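Take a look at the structure set out below.
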Amino acid sequence: MNLFAEAIAWLLDPLNWQGSGSIAERVGEHLAYTAIAVLVAIIIAVPLGWWIGHTGQGKEIVVGITGAARALPSFGLIFLFVMLVGVGARVPAAVVVLMLLAIPPLLAGAYAGFEVIDRRTIDAARAMGMTEWQILWKVEVPLGLPLLFGGLRSAVLQVVATAVLIAYIGLGGLGYDIVQGIALRRYDQMLGSALLIIALALLLDAIFALLERYSVPRGVRAGRDTDVRTTPTGRRATADNPATT
């Protein structure tokens, strides 16, 4: 309990929020690394996932590759890339590793969002004369957004958690205070940084959970919320009471 109180005191100390190496600066660095890695992963994974979901081609290969990528040790990857490109290119190496970790959930969310769409909906769109491009942007993308945001949510949390490790190669972020705390035996600093990382992850998770919820198209959401079978005032058609028009 005393250590927890000391960690809170470290977080609330105004001196730790000012100047170079402050908590605010570490949070900004952590968010910057996360944002860059996730944005690059989106550019790569989302179009590829949409193409796979729309055409149905290459799914088995991509599923195998993304499954294997999830098992890669992130700590080892960071050091491997730094040794390959050199210490002077630590930032690009760290971003590449974080991007590789973000791609699998984004890719899975992109093509899974298309896969869950009822094929009758796609057939109806084609029957109305819509082109494949129109089907993609006006039908599949809107209906697949909830699962895409679910994949984005997983990717962001994965990157936020892993970005702590880049402090071991001399970069910033919230992991820096943990590494420094280990060297200096500043357990209050270590715990305070860990609490900040947890709070940041929970905040981002809540934001993307809301995006995932409200990305459901209004018509689909209305259909889920309204059920004539449970409406008290609705008249149900039965054998003794047929529905009338």
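Residue names in the structure tokens use chain letters A, B, ... in the order shown, residue numbers from 1 in each chain, and ligand numbers from 1 in the order shown.
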
Name the residues in contact with range 201-213 of chain A at a cut-off of 7 Å, using only C-alpha atoms, excluding same-chain residues fewer than 3 positions from it; report them as a PyMOL selection string. chain A and resi 146+149-150+153+157+160+197-198+216

Do you have the CA of Ile44 in chain A-CA of Leu106 in chain A distance handy? 9.3 Å

Work out how far CA of Ala41 in chain A is from CA of Glu25 in chain A, in Å to one decimal. 24.3 Å

Counting only C-alpha atoms, what is within 12 Å of Ala155 in chain A, bar same-chain residues fewer than 2 positions away, as number ranges by chain? A: 34-35, 37-42, 45, 70, 98-109, 148-153, 157-163, 201, 204-205, 208

Using the selection just defined, write its residues with N, CA and C atoms as an mmCIF file, in the first residue's frame.
```cif
data_model
loop_
_atom_site.group_PDB
_atom_site.id
_atom_site.type_symbol
_atom_site.label_atom_id
_atom_site.label_comp_id
_atom_site.auth_asym_id
_atom_site.auth_seq_id
_atom_site.Cartn_x
_atom_site.Cartn_y
_atom_site.Cartn_z
ATOM 1 N N THR A 34 2.696 4.983 -31.394
ATOM 2 C CA THR A 34 1.503 4.162 -31.622
ATOM 3 C C THR A 34 0.751 4.624 -32.862
ATOM 4 N N ALA A 35 0.541 5.930 -32.975
ATOM 5 C CA ALA A 35 -0.227 6.468 -34.099
ATOM 6 C C ALA A 35 0.463 6.196 -35.430
ATOM 7 N N ALA A 37 2.690 3.846 -36.234
ATOM 8 C CA ALA A 37 2.689 2.417 -36.554
ATOM 9 C C ALA A 37 1.308 1.945 -37.001
ATOM 10 N N VAL A 38 0.269 2.397 -36.307
ATOM 11 C CA VAL A 38 -1.088 1.954 -36.649
ATOM 12 C C VAL A 38 -1.531 2.540 -37.981
ATOM 13 N N LEU A 39 -1.188 3.801 -38.255
ATOM 14 C CA LEU A 39 -1.560 4.410 -39.537
ATOM 15 C C LEU A 39 -0.909 3.688 -40.717
ATOM 16 N N VAL A 40 0.373 3.352 -40.585
ATOM 17 C CA VAL A 40 1.047 2.608 -41.652
ATOM 18 C C VAL A 40 0.415 1.230 -41.818
ATOM 19 N N ALA A 41 0.082 0.589 -40.699
ATOM 20 C CA ALA A 41 -0.562 -0.732 -40.763
ATOM 21 C C ALA A 41 -1.928 -0.643 -41.430
ATOM 22 N N ILE A 42 -2.665 0.437 -41.169
ATOM 23 C CA ILE A 42 -3.979 0.621 -41.805
ATOM 24 C C ILE A 42 -3.824 0.730 -43.320
ATOM 25 N N ALA A 45 -2.904 -2.959 -44.423
ATOM 26 C CA ALA A 45 -3.774 -4.095 -44.106
ATOM 27 C C ALA A 45 -5.217 -3.917 -44.558
ATOM 28 N N ARG A 70 1.237 -13.332 -35.276
ATOM 29 C CA ARG A 70 0.803 -13.109 -33.889
ATOM 30 C C ARG A 70 1.720 -13.801 -32.893
ATOM 31 N N LEU A 98 6.383 -2.413 -34.597
ATOM 32 C CA LEU A 98 5.039 -2.113 -34.093
ATOM 33 C C LEU A 98 3.995 -2.244 -35.197
ATOM 34 N N MET A 99 4.364 -1.835 -36.411
ATOM 35 C CA MET A 99 3.453 -1.966 -37.548
ATOM 36 C C MET A 99 3.155 -3.438 -37.830
ATOM 37 N N LEU A 100 4.182 -4.299 -37.773
ATOM 38 C CA LEU A 100 3.981 -5.725 -38.019
ATOM 39 C C LEU A 100 3.032 -6.342 -36.995
ATOM 40 N N LEU A 101 3.074 -5.838 -35.783
ATOM 41 C CA LEU A 101 2.168 -6.349 -34.749
ATOM 42 C C LEU A 101 0.741 -5.852 -34.953
ATOM 43 N N ALA A 102 0.583 -4.685 -35.585
ATOM 44 C CA ALA A 102 -0.752 -4.120 -35.782
ATOM 45 C C ALA A 102 -1.451 -4.698 -37.004
ATOM 46 N N ILE A 103 -0.697 -5.200 -37.971
ATOM 47 C CA ILE A 103 -1.295 -5.672 -39.221
ATOM 48 C C ILE A 103 -2.246 -6.863 -39.027
ATOM 49 N N PRO A 104 -1.880 -7.920 -38.280
ATOM 50 C CA PRO A 104 -2.774 -9.089 -38.199
ATOM 51 C C PRO A 104 -4.191 -8.789 -37.717
ATOM 52 N N PRO A 105 -4.404 -8.082 -36.591
ATOM 53 C CA PRO A 105 -5.796 -7.804 -36.198
ATOM 54 C C PRO A 105 -6.529 -6.888 -37.161
ATOM 55 N N LEU A 106 -5.811 -5.937 -37.777
ATOM 56 C CA LEU A 106 -6.452 -5.064 -38.755
ATOM 57 C C LEU A 106 -6.873 -5.841 -39.998
ATOM 58 N N LEU A 107 -6.006 -6.709 -40.464
ATOM 59 C CA LEU A 107 -6.299 -7.511 -41.644
ATOM 60 C C LEU A 107 -7.477 -8.444 -41.379
ATOM 61 N N ALA A 108 -7.453 -9.071 -40.204
ATOM 62 C CA ALA A 108 -8.549 -9.978 -39.850
ATOM 63 C C ALA A 108 -9.874 -9.231 -39.736
ATOM 64 N N GLY A 109 -9.850 -8.059 -39.126
ATOM 65 C CA GLY A 109 -11.076 -7.275 -38.993
ATOM 66 C C GLY A 109 -11.616 -6.806 -40.322
ATOM 67 N N LEU A 148 -14.170 -4.006 -38.524
ATOM 68 C CA LEU A 148 -12.916 -3.314 -38.814
ATOM 69 C C LEU A 148 -12.476 -2.494 -37.610
ATOM 70 N N PHE A 149 -13.415 -1.778 -36.986
ATOM 71 C CA PHE A 149 -13.069 -1.018 -35.783
ATOM 72 C C PHE A 149 -12.690 -1.944 -34.635
ATOM 73 N N GLY A 150 -13.284 -3.150 -34.603
ATOM 74 C CA GLY A 150 -12.866 -4.127 -33.602
ATOM 75 C C GLY A 150 -11.422 -4.544 -33.809
ATOM 76 N N GLY A 151 -11.031 -4.763 -35.076
ATOM 77 C CA GLY A 151 -9.643 -5.075 -35.363
ATOM 78 C C GLY A 151 -8.714 -3.919 -35.062
ATOM 79 N N LEU A 152 -9.166 -2.700 -35.353
ATOM 80 C CA LEU A 152 -8.374 -1.503 -35.042
ATOM 81 C C LEU A 152 -8.191 -1.357 -33.535
ATOM 82 N N ARG A 153 -9.240 -1.658 -32.808
ATOM 83 C CA ARG A 153 -9.166 -1.601 -31.342
ATOM 84 C C ARG A 153 -8.111 -2.561 -30.805
ATOM 85 N N LEU A 157 -4.369 -1.483 -28.973
ATOM 86 C CA LEU A 157 -3.996 -1.982 -27.646
ATOM 87 C C LEU A 157 -2.707 -2.804 -27.709
ATOM 88 N N GLN A 158 -2.559 -3.596 -28.770
ATOM 89 C CA GLN A 158 -1.343 -4.381 -28.942
ATOM 90 C C GLN A 158 -0.125 -3.479 -29.069
ATOM 91 N N VAL A 159 -0.244 -2.418 -29.855
ATOM 92 C CA VAL A 159 0.882 -1.514 -30.077
ATOM 93 C C VAL A 159 1.183 -0.710 -28.813
ATOM 94 N N VAL A 160 0.154 -0.243 -28.130
ATOM 95 C CA VAL A 160 0.362 0.522 -26.890
ATOM 96 C C VAL A 160 1.125 -0.320 -25.865
ATOM 97 N N ALA A 161 0.763 -1.578 -25.752
ATOM 98 C CA ALA A 161 1.434 -2.455 -24.785
ATOM 99 C C ALA A 161 2.874 -2.754 -25.205
ATOM 100 N N THR A 162 3.092 -2.964 -26.497
ATOM 101 C CA THR A 162 4.423 -3.336 -26.971
ATOM 102 C C THR A 162 5.367 -2.142 -27.057
ATOM 103 N N ALA A 163 4.821 -0.946 -27.261
ATOM 104 C CA ALA A 163 5.666 0.244 -27.364
ATOM 105 C C ALA A 163 6.478 0.499 -26.104
ATOM 106 N N ALA A 201 -4.170 2.636 -21.924
ATOM 107 C CA ALA A 201 -4.769 1.519 -22.660
ATOM 108 C C ALA A 201 -6.274 1.461 -22.438
ATOM 109 N N LEU A 204 -7.963 4.385 -24.430
ATOM 110 C CA LEU A 204 -8.031 4.112 -25.859
ATOM 111 C C LEU A 204 -9.025 2.980 -26.155
ATOM 112 N N ASP A 205 -9.065 1.980 -25.283
ATOM 113 C CA ASP A 205 -10.010 0.884 -25.472
ATOM 114 C C ASP A 205 -11.446 1.397 -25.414
ATOM 115 N N PHE A 208 -12.263 3.378 -28.729
ATOM 116 C CA PHE A 208 -12.490 2.525 -29.891
ATOM 117 C C PHE A 208 -13.693 1.603 -29.698
#
```

Using only C-alpha atoms, find the one residue out of A:Phe81, A:Trp137, A:Phe75, A:Trp17 that sits nearest to Pro47 in chain A.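 Smallest separation from Pro47 in chain A among the options: A:Trp137.
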
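Residue nearest Ile52 in chain A, chosen from A:Ile166, A:Ala199, A:Leu11, A:Leu136 and counting only C-alpha atoms: A:Leu136.
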